[in-house]
>>> print(open('coords39.cif').read())   # mmCIF, C-alpha atoms; chains and numbers go by the auth columns
data_coords
#
loop_
_atom_site.group_PDB
_atom_site.id
_atom_site.type_symbol
_atom_site.label_atom_id
_atom_site.label_comp_id
_atom_site.label_asym_id
_atom_site.label_seq_id
_atom_site.Cartn_x
_atom_site.Cartn_y
_atom_site.Cartn_z
_atom_site.B_iso_or_equiv
_atom_site.auth_seq_id
_atom_site.auth_asym_id
ATOM 1 C CA GLU A 1 39.766 35.202 -35.885 0.00 144 A
ATOM 2 C CA LEU A 2 39.028 36.096 -32.272 0.00 145 A
ATOM 3 C CA ALA A 3 35.308 36.549 -32.995 0.00 146 A
ATOM 4 C CA ARG A 4 35.147 33.181 -34.805 0.00 147 A
ATOM 5 C CA ARG A 5 36.869 31.359 -31.946 0.00 148 A
ATOM 6 C CA ALA A 6 34.659 33.099 -29.381 0.00 149 A
ATOM 7 C CA GLU A 7 31.572 32.020 -31.356 0.00 150 A
ATOM 8 C CA LEU A 8 32.778 28.390 -31.462 0.00 151 A
ATOM 9 C CA PHE A 9 33.583 28.499 -27.756 0.00 152 A
ATOM 10 C CA TYR A 10 30.201 30.010 -26.886 0.00 153 A
ATOM 11 C CA ASN A 11 28.307 27.425 -28.957 0.00 154 A
ATOM 12 C CA LYS A 12 30.293 24.548 -27.436 0.00 155 A
ATOM 13 C CA LEU A 13 29.694 25.896 -23.928 0.00 156 A
ATOM 14 C CA ASN A 14 25.978 26.282 -24.619 0.00 157 A
ATOM 15 C CA SER A 15 25.792 22.709 -25.919 0.00 158 A
ATOM 16 C CA PHE A 16 27.703 21.428 -22.870 0.00 159 A
ATOM 17 C CA ILE A 17 25.332 23.238 -20.499 0.00 160 A
ATOM 18 C CA GLY A 18 22.351 21.675 -22.280 0.00 161 A
ATOM 19 C CA SER A 19 23.908 18.219 -21.948 0.00 162 A
ATOM 20 C CA LEU A 20 24.662 18.796 -18.279 0.00 163 A
ATOM 21 C CA GLN A 21 21.084 19.899 -17.641 0.00 164 A
ATOM 22 C CA GLY A 22 19.877 16.725 -19.385 0.00 165 A
ATOM 23 C CA VAL A 23 22.070 14.620 -17.094 0.00 166 A
ATOM 24 C CA GLY A 24 20.655 16.456 -14.075 0.00 167 A
ATOM 25 C CA ASN A 25 17.086 15.795 -15.207 0.00 168 A
ATOM 26 C CA GLN A 26 17.838 12.109 -15.704 0.00 169 A
ATOM 27 C CA LEU A 27 19.449 11.903 -12.251 0.00 170 A
ATOM 28 C CA ASP A 28 16.341 13.509 -10.739 0.00 171 A
ATOM 29 C CA LYS A 29 14.123 10.949 -12.495 0.00 172 A
ATOM 30 C CA ALA A 30 16.349 8.088 -11.354 0.00 173 A
ATOM 31 C CA LYS A 31 16.256 9.372 -7.766 0.00 174 A
ATOM 32 C CA ASP A 32 12.451 9.650 -7.878 0.00 175 A
ATOM 33 C CA SER A 33 12.180 6.079 -9.203 0.00 176 A
ATOM 34 C CA TYR A 34 14.587 4.844 -6.542 0.00 177 A
ATOM 35 C CA GLU A 35 12.664 6.538 -3.739 0.00 178 A
ATOM 36 C CA LYS A 36 9.334 5.191 -5.027 0.00 179 A
ATOM 37 C CA ALA A 37 10.665 1.633 -5.248 0.00 180 A
ATOM 38 C CA PHE A 38 12.394 1.860 -1.871 0.00 181 A
ATOM 39 C CA SER A 39 9.275 3.209 -0.159 0.00 182 A
ATOM 40 C CA GLN A 40 7.368 0.100 -1.263 0.00 183 A
ATOM 41 C CA LEU A 41 9.510 -1.780 1.221 0.00 184 A
ATOM 42 C CA TYR A 42 8.047 0.004 4.230 0.00 185 A
ATOM 43 C CA SER A 43 4.958 1.978 3.181 0.00 186 A
ATOM 44 C CA GLY A 44 1.350 0.928 3.594 0.00 187 A
ATOM 45 C CA ARG A 45 -0.373 -1.907 5.398 0.00 188 A
ATOM 46 C CA GLY A 46 0.911 -4.675 3.126 0.00 189 A
ATOM 47 C CA ASN A 47 4.462 -3.407 2.959 0.00 190 A
ATOM 48 C CA LEU A 48 7.188 -5.951 2.329 0.00 191 A
ATOM 49 C CA ILE A 49 9.044 -5.335 5.596 0.00 192 A
ATOM 50 C CA LYS A 50 5.872 -5.896 7.634 0.00 193 A
ATOM 51 C CA GLN A 51 5.088 -9.099 5.747 0.00 194 A
ATOM 52 C CA ALA A 52 8.618 -10.392 6.302 0.00 195 A
ATOM 53 C CA ALA A 53 8.388 -9.582 10.037 0.00 196 A
ATOM 54 C CA GLU A 54 5.106 -11.490 10.235 0.00 197 A
ATOM 55 C CA PHE A 55 6.729 -14.568 8.694 0.00 198 A
ATOM 56 C CA LYS A 56 9.504 -14.315 11.261 0.00 199 A
ATOM 57 C CA ASP A 57 6.889 -14.039 14.036 0.00 200 A
ATOM 58 C CA LEU A 58 5.321 -17.249 12.702 0.00 201 A
ATOM 59 C CA GLY A 59 8.622 -19.062 13.198 0.00 202 A
ATOM 60 C CA VAL A 60 10.346 -18.776 9.843 0.00 203 A
ATOM 61 C CA MET A 61 14.069 -19.081 10.476 0.00 204 A
ATOM 62 C CA VAL A 62 16.163 -16.201 9.174 0.00 205 A
ATOM 63 C CA GLN A 63 19.885 -16.188 8.618 0.00 206 A
ATOM 64 C CA LYS A 64 20.265 -12.427 8.699 0.00 207 A
ATOM 65 C CA GLU A 65 18.063 -9.777 10.285 0.00 208 A
ATOM 66 C CA LEU A 66 16.540 -7.031 8.159 0.00 209 A
ATOM 67 C CA PRO A 67 18.047 -3.575 8.603 0.00 210 A
ATOM 68 C CA GLU A 68 16.630 -2.219 11.866 0.00 211 A
ATOM 69 C CA GLU A 69 16.056 1.277 10.447 0.00 212 A
ATOM 70 C CA LEU A 70 13.717 -0.158 7.783 0.00 213 A
ATOM 71 C CA VAL A 71 11.844 -2.265 10.324 0.00 214 A
ATOM 72 C CA GLU A 72 11.337 0.829 12.489 0.00 215 A
ATOM 73 C CA LYS A 73 10.267 2.887 9.480 0.00 216 A
ATOM 74 C CA ALA A 74 7.700 0.221 8.564 0.00 217 A
ATOM 75 C CA LYS A 75 6.342 0.254 12.138 0.00 218 A
ATOM 76 C CA LEU A 76 6.052 4.049 12.066 0.00 219 A
ATOM 77 C CA GLU A 77 4.236 3.882 8.716 0.00 220 A
ATOM 78 C CA LEU A 78 1.704 1.463 10.214 0.00 221 A
ATOM 79 C CA VAL A 79 1.122 3.727 13.211 0.00 222 A
ATOM 80 C CA ASP A 80 0.612 6.679 10.854 0.00 223 A
ATOM 81 C CA ASP A 81 -1.869 4.577 8.825 0.00 224 A
ATOM 82 C CA VAL A 82 -4.219 4.133 11.793 0.00 225 A
ATOM 83 C CA PRO A 83 -7.245 6.426 11.370 0.00 226 A
ATOM 84 C CA LYS A 84 -7.462 9.086 14.096 0.00 227 A
ATOM 85 C CA SER A 85 -10.888 7.780 15.155 0.00 228 A
ATOM 86 C CA LEU A 86 -9.345 4.401 16.082 0.00 229 A
ATOM 87 C CA GLU A 87 -6.322 5.730 17.983 0.00 230 A
ATOM 88 C CA SER A 88 -8.249 6.438 21.168 0.00 231 A
ATOM 89 C CA ASN A 89 -9.776 2.919 21.314 0.00 232 A
#
>>> encode(input="coords39.cif", output="structure tokens")
Amino acid sequence: ELARRAELFYNKLNSFIGSLQGVGNQLDKAKDSYEKAFSQLYSGRGNLIKQAAEFKDLGVMVQKELPEELVEKAKLELVDDVPKSLESN
């Protein structure tokens, strides 16, 4: 009886561990997708934050400012995008 119960317990535990690993893999994928989507806000020359700031500079009225940390991140991305050969000009 003890061996049978131990076998059932072991199999259930093994199945649970497999399920938990599957959840972890899905969380990793979700985090990667989130980070990719979020980076589109501030990465690259045509990033969404930069475009929104340009509209504001052109006089578009805004009711609420964009989060400052994202605006700064977008500015840093643009500085990092400048080729080294152009930085000294």
>>> closest_residue(input="coords39.cif", among="A:Asn190, A:Ser158, A:Leu145, A:Lys172", to="Lys216 in chain A", atoms="all atoms listed in the file")
A:Asn190
>>> atom_distance(input="coords39.cif", atom1="CA of Tyr185 in chain A", atom2="CA of Glu212 in chain A")
10.2 Å
>>> residues_near_point(input="coords39.cif", point="(14.0, -3.8, 11.6)", cutoff="12 Å", atoms="all atoms listed in the file", output="short mmCIF file (atom, residue, chain, number, x, y, z; two decimals) with C-alpha atoms, in the coordinates of the input")
data_model
loop_
_atom_site.label_atom_id
_atom_site.label_comp_id
_atom_site.auth_asym_id
_atom_site.auth_seq_id
_atom_site.Cartn_x
_atom_site.Cartn_y
_atom_site.Cartn_z
CA LEU A 184 9.51 -1.78 1.22
CA TYR A 185 8.05 0.00 4.23
CA LEU A 191 7.19 -5.95 2.33
CA ILE A 192 9.04 -5.34 5.60
CA LYS A 193 5.87 -5.90 7.63
CA GLN A 194 5.09 -9.10 5.75
CA ALA A 195 8.62 -10.39 6.30
CA ALA A 196 8.39 -9.58 10.04
CA GLU A 197 5.11 -11.49 10.24
CA LYS A 199 9.50 -14.32 11.26
CA LYS A 207 20.26 -12.43 8.70
CA GLU A 208 18.06 -9.78 10.28
CA LEU A 209 16.54 -7.03 8.16
CA PRO A 210 18.05 -3.58 8.60
CA GLU A 211 16.63 -2.22 11.87
CA GLU A 212 16.06 1.28 10.45
CA LEU A 213 13.72 -0.16 7.78
CA VAL A 214 11.84 -2.26 10.32
CA GLU A 215 11.34 0.83 12.49
CA LYS A 216 10.27 2.89 9.48
CA ALA A 217 7.70 0.22 8.56
CA LYS A 218 6.34 0.25 12.14
CA LEU A 219 6.05 4.05 12.07
#
>>> atom_distance(input="coords39.cif", atom1="CA of Val205 in chain A", atom2="CA of Glu178 in chain A")
26.4 Å
>>> atom_distance(input="coords39.cif", atom1="CA of Asp200 in chain A", atom2="CA of Arg188 in chain A")
16.6 Å
